[in-house]
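K.L.:
Here you go, this is final30.pdb (PDB, C-alpha atoms, pLDDT in the B column).
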```pdb
ATOM      1  CA  MET A   1     146.734 -29.720 106.566  1.00 71.00           C
ATOM      2  CA  ALA A   2     144.060 -27.512 108.188  1.00 88.00           C
ATOM      3  CA  MET A   3     145.630 -24.108 108.776  1.00 92.00           C
ATOM      4  CA  LYS A   4     144.415 -21.512 111.271  1.00 94.00           C
ATOM      5  CA  ILE A   5     145.442 -17.967 112.010  1.00 95.00           C
ATOM      6  CA  ARG A   6     145.056 -17.773 115.762  1.00 94.00           C
ATOM      7  CA  LEU A   7     146.383 -16.409 119.042  1.00 94.00           C
ATOM      8  CA  ALA A   8     149.139 -18.137 121.037  1.00 94.00           C
ATOM      9  CA  ARG A   9     149.371 -16.972 124.650  1.00 94.00           C
ATOM     10  CA  GLY A  10     152.581 -15.774 126.207  1.00 92.00           C
ATOM     11  CA  GLY A  11     153.484 -13.542 129.112  1.00 92.00           C
ATOM     12  CA  SER A  12     153.352 -14.215 132.795  1.00 93.00           C
ATOM     13  CA  LYS A  13     150.504 -14.868 135.169  1.00 94.00           C
ATOM     14  CA  LYS A  14     147.808 -12.167 134.888  1.00 94.00           C
ATOM     15  CA  ARG A  15     149.922 -10.299 132.291  1.00 96.00           C
ATOM     16  CA  PRO A  16     148.874 -11.867 128.968  1.00 95.00           C
ATOM     17  CA  MET A  17     150.655 -11.193 125.693  1.00 95.00           C
ATOM     18  CA  TYR A  18     149.577 -12.969 122.538  1.00 95.00           C
ATOM     19  CA  ARG A  19     151.337 -13.828 119.287  1.00 95.00           C
ATOM     20  CA  ILE A  20     149.228 -13.958 116.150  1.00 95.00           C
ATOM     21  CA  VAL A  21     150.432 -17.105 114.400  1.00 95.00           C
ATOM     22  CA  ALA A  22     149.713 -19.357 111.446  1.00 95.00           C
ATOM     23  CA  ALA A  23     149.510 -22.889 112.815  1.00 94.00           C
ATOM     24  CA  ASP A  24     148.159 -26.342 112.093  1.00 92.00           C
ATOM     25  CA  SER A  25     144.730 -26.534 113.738  1.00 89.00           C
ATOM     26  CA  ARG A  26     145.598 -29.893 115.330  1.00 90.00           C
ATOM     27  CA  ARG A  27     148.458 -28.432 117.383  1.00 89.00           C
ATOM     28  CA  ALA A  28     148.134 -27.131 120.941  1.00 88.00           C
ATOM     29  CA  ARG A  29     147.256 -23.474 121.484  1.00 85.00           C
ATOM     30  CA  ASP A  30     150.761 -22.570 122.667  1.00 86.00           C
ATOM     31  CA  GLY A  31     152.453 -25.339 120.737  1.00 86.00           C
ATOM     32  CA  ARG A  32     154.399 -25.406 117.528  1.00 88.00           C
ATOM     33  CA  PHE A  33     153.413 -22.908 114.856  1.00 90.00           C
ATOM     34  CA  ILE A  34     154.560 -22.279 111.296  1.00 93.00           C
ATOM     35  CA  GLU A  35     154.962 -18.505 111.249  1.00 93.00           C
ATOM     36  CA  LYS A  36     154.535 -15.557 113.593  1.00 95.00           C
ATOM     37  CA  LEU A  37     152.344 -12.924 111.936  1.00 95.00           C
ATOM     38  CA  GLY A  38     152.084 -10.304 114.671  1.00 95.00           C
ATOM     39  CA  THR A  39     151.343  -9.514 118.288  1.00 95.00           C
ATOM     40  CA  TYR A  40     148.359  -8.548 120.440  1.00 95.00           C
ATOM     41  CA  ASN A  41     148.730  -6.895 123.838  1.00 96.00           C
ATOM     42  CA  PRO A  42     145.317  -6.619 125.567  1.00 94.00           C
ATOM     43  CA  LEU A  43     146.772  -4.599 128.462  1.00 95.00           C
ATOM     44  CA  LEU A  44     147.350  -1.542 126.278  1.00 94.00           C
ATOM     45  CA  PRO A  45     144.525   1.000 125.772  1.00 94.00           C
ATOM     46  CA  LYS A  46     142.225   0.345 122.819  1.00 90.00           C
ATOM     47  CA  ASP A  47     143.368   3.475 120.987  1.00 91.00           C
ATOM     48  CA  ASN A  48     147.069   2.549 121.220  1.00 91.00           C
ATOM     49  CA  GLU A  49     148.517   1.536 117.837  1.00 89.00           C
ATOM     50  CA  GLN A  50     150.809  -1.068 119.449  1.00 92.00           C
ATOM     51  CA  ARG A  51     147.862  -3.035 120.879  1.00 94.00           C
ATOM     52  CA  VAL A  52     147.523  -5.053 117.660  1.00 94.00           C
ATOM     53  CA  HIS A  53     150.437  -5.274 115.249  1.00 93.00           C
ATOM     54  CA  MET A  54     150.307  -7.568 112.175  1.00 93.00           C
ATOM     55  CA  ASP A  55     152.402  -8.157 109.060  1.00 93.00           C
ATOM     56  CA  MET A  56     149.560  -7.704 106.550  1.00 93.00           C
ATOM     57  CA  ASP A  57     151.516  -9.106 103.588  1.00 94.00           C
ATOM     58  CA  ARG A  58     151.978 -12.432 105.365  1.00 94.00           C
ATOM     59  CA  VAL A  59     148.378 -12.423 106.630  1.00 94.00           C
ATOM     60  CA  HIS A  60     147.166 -12.004 103.022  1.00 94.00           C
ATOM     61  CA  HIS A  61     149.492 -14.812 101.949  1.00 94.00           C
ATOM     62  CA  TRP A  62     148.069 -17.244 104.515  1.00 94.00           C
ATOM     63  CA  LEU A  63     144.487 -16.259 103.754  1.00 93.00           C
ATOM     64  CA  GLN A  64     145.138 -16.978 100.067  1.00 93.00           C
ATOM     65  CA  GLN A  65     146.609 -20.355 101.034  1.00 92.00           C
ATOM     66  CA  GLY A  66     143.311 -21.218 102.724  1.00 92.00           C
ATOM     67  CA  ALA A  67     144.058 -20.493 106.386  1.00 93.00           C
ATOM     68  CA  LYS A  68     140.932 -19.717 108.409  1.00 93.00           C
ATOM     69  CA  PRO A  69     141.161 -17.037 111.112  1.00 93.00           C
ATOM     70  CA  THR A  70     139.655 -17.742 114.500  1.00 92.00           C
ATOM     71  CA  ASP A  71     136.802 -15.530 115.660  1.00 90.00           C
ATOM     72  CA  ARG A  72     139.009 -13.176 117.694  1.00 91.00           C
ATOM     73  CA  VAL A  73     141.594 -12.799 114.907  1.00 93.00           C
ATOM     74  CA  ALA A  74     138.796 -12.316 112.360  1.00 92.00           C
ATOM     75  CA  ARG A  75     137.495  -9.393 114.444  1.00 91.00           C
ATOM     76  CA  MET A  76     140.972  -7.840 114.407  1.00 92.00           C
ATOM     77  CA  LEU A  77     141.214  -8.303 110.646  1.00 92.00           C
ATOM     78  CA  GLU A  78     137.764  -6.749 110.187  1.00 92.00           C
ATOM     79  CA  ALA A  79     138.873  -3.731 112.222  1.00 89.00           C
ATOM     80  CA  ALA A  80     141.975  -3.444 110.021  1.00 88.00           C
ATOM     81  CA  GLY A  81     139.826  -3.628 106.873  1.00 85.00           C
ATOM     82  CA  VAL A  82     141.261  -6.912 105.587  1.00 84.00           C
ATOM     83  CA  LEU A  83     138.074  -8.961 105.952  1.00 85.00           C
ATOM     84  CA  GLU A  84     134.478  -7.937 105.433  1.00 85.00           C
ATOM     85  CA  ALA A  85     132.409  -7.694 108.604  1.00 83.00           C
ATOM     86  CA  ARG A  86     130.015 -10.609 108.939  1.00 83.00           C
ATOM     87  CA  GLN A  87     126.817 -11.033 110.908  1.00 81.00           C
ATOM     88  CA  ARG A  88     127.297 -12.849 114.199  1.00 77.00           C
ATOM     89  CA  ASN A  89     124.776 -14.664 116.352  1.00 77.00           C
ATOM     90  CA  ASN A  90     124.418 -12.705 119.571  1.00 73.00           C
ATOM     91  CA  PRO A  91     121.913 -14.519 121.765  1.00 76.00           C
ATOM     92  CA  LYS A  92     120.311 -12.582 124.581  1.00 76.00           C
ATOM     93  CA  LYS A  93     121.541 -14.921 127.289  1.00 71.00           C
ATOM     94  CA  ALA A  94     123.306 -12.089 129.107  1.00 76.00           C
ATOM     95  CA  VAL A  95     120.113 -10.050 129.473  1.00 81.00           C
ATOM     96  CA  PRO A  96     118.798 -10.268 133.034  1.00 81.00           C
ATOM     97  CA  ARG A  97     115.410 -11.870 133.545  1.00 78.00           C
ATOM     98  CA  ALA A  98     112.376  -9.776 134.416  1.00 82.00           C
ATOM     99  CA  LYS A  99     111.666  -9.401 138.109  1.00 82.00           C
ATOM    100  CA  GLU A 100     108.690 -11.386 139.262  1.00 74.00           C
TER     101      GLU A 100
END
```
Could you render the structure from this file as structure tokens?
P.N.:
Amino acid sequence: MAMKIRLARGGSKKRPMYRIVAADSRRARDGRFIEKLGTYNPLLPKDNEQRVHMDMDRVHHWLQQGAKPTDRVARMLEAAGVLEARQRNNPKKAVPRAKE
């Protein structure tokens, strides 16, 4: 079974709230999951400690079992110091073209 540590969306319209879950990668984003590992509330300020809350013991357990974090969850784990920061491809598509 291919395991992922990913975000599952909750909350109402325009008020997102995410659960950080360990789930089978073949399941739907908001579908059945195996274990809830934490929460992520993007509406809180970035310096608020309740913005991202994770049970690190369980996250370590799932990483040792071979679960792969998604890109967004991997960034959260890098900020928490659990994973090493890796180089990402950042193409310059967002850079405006030169005026002619």
K.L.:
Which residue gives the smallest distance to Arg51 (chain A) among A:Gly31, A:Thr70, A:Lys36, A:Tyr18, with all atoms listed in the file counted?
P.N.:
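Closest to Arg51 (chain A) of all the choices is A:Tyr18.
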K.L.:
Could you check the closest approach to Met1 (chain A) for each of A:Pro96, A:Pro16, A:Pro42, A:Gly66 and tell me which residue wins, using only C-alpha atoms?
P.N.:
A:Gly66
K.L.:
In Å, with one decimal, what is the gap from CA of His53 (chain A) to CA of Arg86 (chain A)?
P.N.:
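So the answer is 22.0 Å.
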K.L.:
How far is it from CA of Ala8 (chain A) to CA of Val21 (chain A), in Å with one decimal?
P.N.:
6.8 Å
K.L.:
What does the distance from CA of Asn41 (chain A) to CA of Ser12 (chain A) come to in Å, to one decimal?
P.N.:
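The value is 12.5 Å.
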K.L.:
Find the spatial neighbours of Ile20 (chain A), counting only C-alpha atoms, within a cut-off of 8 Å - ignore same-chain residues fewer than 5 positions away - and output them as a PyMOL selection string.
P.N.:
chain A and resi 5-8+36-40+54+73
K.L.:
Pick the closest to Trp62 (chain A) from A:Glu78, A:Glu84, A:Asp47, A:Glu35: which is it, counting all atoms listed in the file?
P.N.:
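Answer, going by the shortest atom-to-atom distance: A:Glu35.
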K.L.:
Smallest atom-to-atom distance to His61 (chain A): which of A:Ala2, A:Val82, A:Ala28, A:Ala94, using all atoms listed in the file?
P.N.:
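Residue with the minimum atom-to-atom distance to His61 (chain A): A:Val82.
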K.L.:
Residues around (156.4, -21.2, 125.1), cut-off 10 Å, counting all atoms listed in the file - what are they as JSON, numbers by chain?
P.N.:
{"A": [8, 9, 10, 11, 30, 31, 32]}
K.L.:
Please produce a file of those selected residues containing C-alpha atoms, as a PDB file, in the coordinates of the input.
P.N.:
```pdb
ATOM      1  CA  ALA A   8     149.139 -18.137 121.037  1.00 94.00           C
ATOM      2  CA  ARG A   9     149.371 -16.972 124.650  1.00 94.00           C
ATOM      3  CA  GLY A  10     152.581 -15.774 126.207  1.00 92.00           C
ATOM      4  CA  GLY A  11     153.484 -13.542 129.112  1.00 92.00           C
ATOM      5  CA  ASP A  30     150.761 -22.570 122.667  1.00 86.00           C
ATOM      6  CA  GLY A  31     152.453 -25.339 120.737  1.00 86.00           C
ATOM      7  CA  ARG A  32     154.399 -25.406 117.528  1.00 88.00           C
TER       8      ARG A  32
END
```
K.L.:
Emit as lines of an AutoDock Vina configuration file the padded axis-aligned box for all listed atoms of region 31-40 of chain A, 6 Å per side, with centre and edge lengths in Å to one decimal.
P.N.:
```
center_x = 151.7
center_y = -17.0
center_z = 116.0
size_x = 18.6
size_y = 28.9
size_z = 21.5
```
K.L.:
From the set A:Val95, A:Ala85, A:Met56, A:Met17, which residue has the shortest atom-to-atom contact distance to Asp71 (chain A), counting only C-alpha atoms?
P.N.:
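Of A:Val95, A:Ala85, A:Met56, A:Met17, the one nearest Asp71 (chain A), counting only C-alpha atoms, is A:Ala85.
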K.L.:
Looking at A:Gln87, A:Arg15, A:Val52, A:Ser25, which one is nearest to Lys68 (chain A), with distances taken over only C-alpha atoms?
P.N.:
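Nearest candidate to Lys68 (chain A) out of A:Gln87, A:Arg15, A:Val52, A:Ser25: A:Ser25.
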K.L.:
Write out as a list in words each polymer residue whose atoms come within 10 Å of Leu63 (chain A), counting only C-alpha atoms; drop sequence neighbours fewer than 3 positions from it.
P.N.:
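My list of contacting residues is Met3, Lys4, Ile5, Ala22, Arg58, Val59, His60, Gly66, Ala67, Lys68, Pro69 and Leu83 of chain A.
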K.L.:
Provide region 28-39 of chain A rebuilt to all heavy atoms, formatted as a PDB file, in the frame of the given file.
P.N.:
```pdb
ATOM      1  N   ALA A  28     148.566 -27.783 119.707  1.00 88.00           N
ATOM      2  CA  ALA A  28     148.134 -27.131 120.941  1.00 88.00           C
ATOM      3  C   ALA A  28     148.149 -25.618 120.769  1.00 88.00           C
ATOM      4  O   ALA A  28     148.865 -25.083 119.920  1.00 88.00           O
ATOM      5  CB  ALA A  28     149.051 -27.538 122.094  1.00 88.00           C
ATOM      6  N   ARG A  29     147.367 -24.927 121.584  1.00 85.00           N
ATOM      7  CA  ARG A  29     147.256 -23.474 121.484  1.00 85.00           C
ATOM      8  C   ARG A  29     148.616 -22.794 121.550  1.00 85.00           C
ATOM      9  O   ARG A  29     148.922 -21.911 120.767  1.00 85.00           O
ATOM     10  CB  ARG A  29     146.378 -22.952 122.619  1.00 85.00           C
ATOM     11  CG  ARG A  29     146.248 -21.437 122.611  1.00 85.00           C
ATOM     12  CD  ARG A  29     145.654 -20.900 123.870  1.00 85.00           C
ATOM     13  NE  ARG A  29     146.581 -21.081 124.985  1.00 85.00           N
ATOM     14  CZ  ARG A  29     146.346 -20.677 126.217  1.00 85.00           C
ATOM     15  NH1 ARG A  29     145.208 -20.120 126.520  1.00 85.00           N
ATOM     16  NH2 ARG A  29     147.224 -20.866 127.171  1.00 85.00           N
ATOM     17  N   ASP A  30     149.448 -23.186 122.504  1.00 86.00           N
ATOM     18  CA  ASP A  30     150.761 -22.570 122.667  1.00 86.00           C
ATOM     19  C   ASP A  30     151.863 -23.436 122.092  1.00 86.00           C
ATOM     20  O   ASP A  30     153.040 -23.205 122.348  1.00 86.00           O
ATOM     21  CB  ASP A  30     151.040 -22.312 124.151  1.00 86.00           C
ATOM     22  CG  ASP A  30     150.019 -21.388 124.771  1.00 86.00           C
ATOM     23  OD1 ASP A  30     149.460 -20.561 124.030  1.00 86.00           O
ATOM     24  OD2 ASP A  30     149.791 -21.480 125.984  1.00 86.00           O
ATOM     25  N   GLY A  31     151.480 -24.414 121.290  1.00 86.00           N
ATOM     26  CA  GLY A  31     152.453 -25.339 120.737  1.00 86.00           C
ATOM     27  C   GLY A  31     153.147 -24.814 119.499  1.00 86.00           C
ATOM     28  O   GLY A  31     153.227 -23.607 119.253  1.00 86.00           O
ATOM     29  N   ARG A  32     153.617 -25.746 118.712  1.00 88.00           N
ATOM     30  CA  ARG A  32     154.399 -25.406 117.528  1.00 88.00           C
ATOM     31  C   ARG A  32     153.540 -24.677 116.503  1.00 88.00           C
ATOM     32  O   ARG A  32     152.392 -25.041 116.263  1.00 88.00           O
ATOM     33  CB  ARG A  32     154.959 -26.695 116.918  1.00 88.00           C
ATOM     34  CG  ARG A  32     156.006 -26.458 115.865  1.00 88.00           C
ATOM     35  CD  ARG A  32     156.740 -27.724 115.558  1.00 88.00           C
ATOM     36  NE  ARG A  32     155.892 -28.580 114.727  1.00 88.00           N
ATOM     37  CZ  ARG A  32     156.195 -29.822 114.405  1.00 88.00           C
ATOM     38  NH1 ARG A  32     157.285 -30.378 114.869  1.00 88.00           N
ATOM     39  NH2 ARG A  32     155.396 -30.530 113.641  1.00 88.00           N
ATOM     40  N   PHE A  33     154.105 -23.653 115.903  1.00 90.00           N
ATOM     41  CA  PHE A  33     153.413 -22.908 114.856  1.00 90.00           C
ATOM     42  C   PHE A  33     154.343 -22.770 113.659  1.00 90.00           C
ATOM     43  O   PHE A  33     155.548 -23.019 113.759  1.00 90.00           O
ATOM     44  CB  PHE A  33     152.944 -21.539 115.357  1.00 90.00           C
ATOM     45  CG  PHE A  33     154.031 -20.654 115.882  1.00 90.00           C
ATOM     46  CD1 PHE A  33     154.718 -19.804 115.032  1.00 90.00           C
ATOM     47  CD2 PHE A  33     154.368 -20.662 117.226  1.00 90.00           C
ATOM     48  CE1 PHE A  33     155.723 -18.980 115.512  1.00 90.00           C
ATOM     49  CE2 PHE A  33     155.356 -19.843 117.714  1.00 90.00           C
ATOM     50  CZ  PHE A  33     156.038 -19.003 116.848  1.00 90.00           C
ATOM     51  N   ILE A  34     153.788 -22.374 112.526  1.00 93.00           N
ATOM     52  CA  ILE A  34     154.560 -22.279 111.296  1.00 93.00           C
ATOM     53  C   ILE A  34     155.204 -20.909 111.144  1.00 93.00           C
ATOM     54  O   ILE A  34     156.375 -20.804 110.795  1.00 93.00           O
ATOM     55  CB  ILE A  34     153.674 -22.622 110.089  1.00 93.00           C
ATOM     56  CG1 ILE A  34     153.211 -24.067 110.241  1.00 93.00           C
ATOM     57  CG2 ILE A  34     154.408 -22.401 108.788  1.00 93.00           C
ATOM     58  CD1 ILE A  34     152.192 -24.503 109.253  1.00 93.00           C
ATOM     59  N   GLU A  35     154.422 -19.853 111.423  1.00 93.00           N
ATOM     60  CA  GLU A  35     154.962 -18.505 111.249  1.00 93.00           C
ATOM     61  C   GLU A  35     154.277 -17.538 112.201  1.00 93.00           C
ATOM     62  O   GLU A  35     153.069 -17.602 112.400  1.00 93.00           O
ATOM     63  CB  GLU A  35     154.740 -18.040 109.809  1.00 93.00           C
ATOM     64  CG  GLU A  35     155.336 -16.707 109.492  1.00 93.00           C
ATOM     65  CD  GLU A  35     155.159 -16.314 108.035  1.00 93.00           C
ATOM     66  OE1 GLU A  35     154.607 -17.107 107.249  1.00 93.00           O
ATOM     67  OE2 GLU A  35     155.571 -15.207 107.700  1.00 93.00           O
ATOM     68  N   LYS A  36     155.072 -16.625 112.750  1.00 95.00           N
ATOM     69  CA  LYS A  36     154.535 -15.557 113.593  1.00 95.00           C
ATOM     70  C   LYS A  36     154.130 -14.405 112.689  1.00 95.00           C
ATOM     71  O   LYS A  36     154.929 -13.924 111.885  1.00 95.00           O
ATOM     72  CB  LYS A  36     155.580 -15.098 114.601  1.00 95.00           C
ATOM     73  CG  LYS A  36     155.109 -13.993 115.500  1.00 95.00           C
ATOM     74  CD  LYS A  36     156.199 -13.574 116.469  1.00 95.00           C
ATOM     75  CE  LYS A  36     155.763 -12.338 117.223  1.00 95.00           C
ATOM     76  NZ  LYS A  36     156.807 -11.828 118.099  1.00 95.00           N
ATOM     77  N   LEU A  37     152.865 -13.971 112.807  1.00 95.00           N
ATOM     78  CA  LEU A  37     152.344 -12.924 111.936  1.00 95.00           C
ATOM     79  C   LEU A  37     152.203 -11.582 112.642  1.00 95.00           C
ATOM     80  O   LEU A  37     152.038 -10.559 111.980  1.00 95.00           O
ATOM     81  CB  LEU A  37     150.977 -13.345 111.387  1.00 95.00           C
ATOM     82  CG  LEU A  37     150.958 -14.672 110.636  1.00 95.00           C
ATOM     83  CD1 LEU A  37     149.545 -15.029 110.249  1.00 95.00           C
ATOM     84  CD2 LEU A  37     151.852 -14.607 109.423  1.00 95.00           C
ATOM     85  N   GLY A  38     152.225 -11.561 113.958  1.00 95.00           N
ATOM     86  CA  GLY A  38     152.084 -10.304 114.671  1.00 95.00           C
ATOM     87  C   GLY A  38     151.918 -10.531 116.157  1.00 95.00           C
ATOM     88  O   GLY A  38     152.122 -11.635 116.661  1.00 95.00           O
ATOM     89  N   THR A  39     151.523  -9.450 116.848  1.00 95.00           N
ATOM     90  CA  THR A  39     151.343  -9.514 118.288  1.00 95.00           C
ATOM     91  C   THR A  39     150.055  -8.810 118.688  1.00 95.00           C
ATOM     92  O   THR A  39     149.538  -7.959 117.960  1.00 95.00           O
ATOM     93  CB  THR A  39     152.505  -8.836 119.041  1.00 95.00           C
ATOM     94  OG1 THR A  39     152.588  -7.485 118.630  1.00 95.00           O
ATOM     95  CG2 THR A  39     153.815  -9.554 118.795  1.00 95.00           C
TER      96      THR A  39
END
```
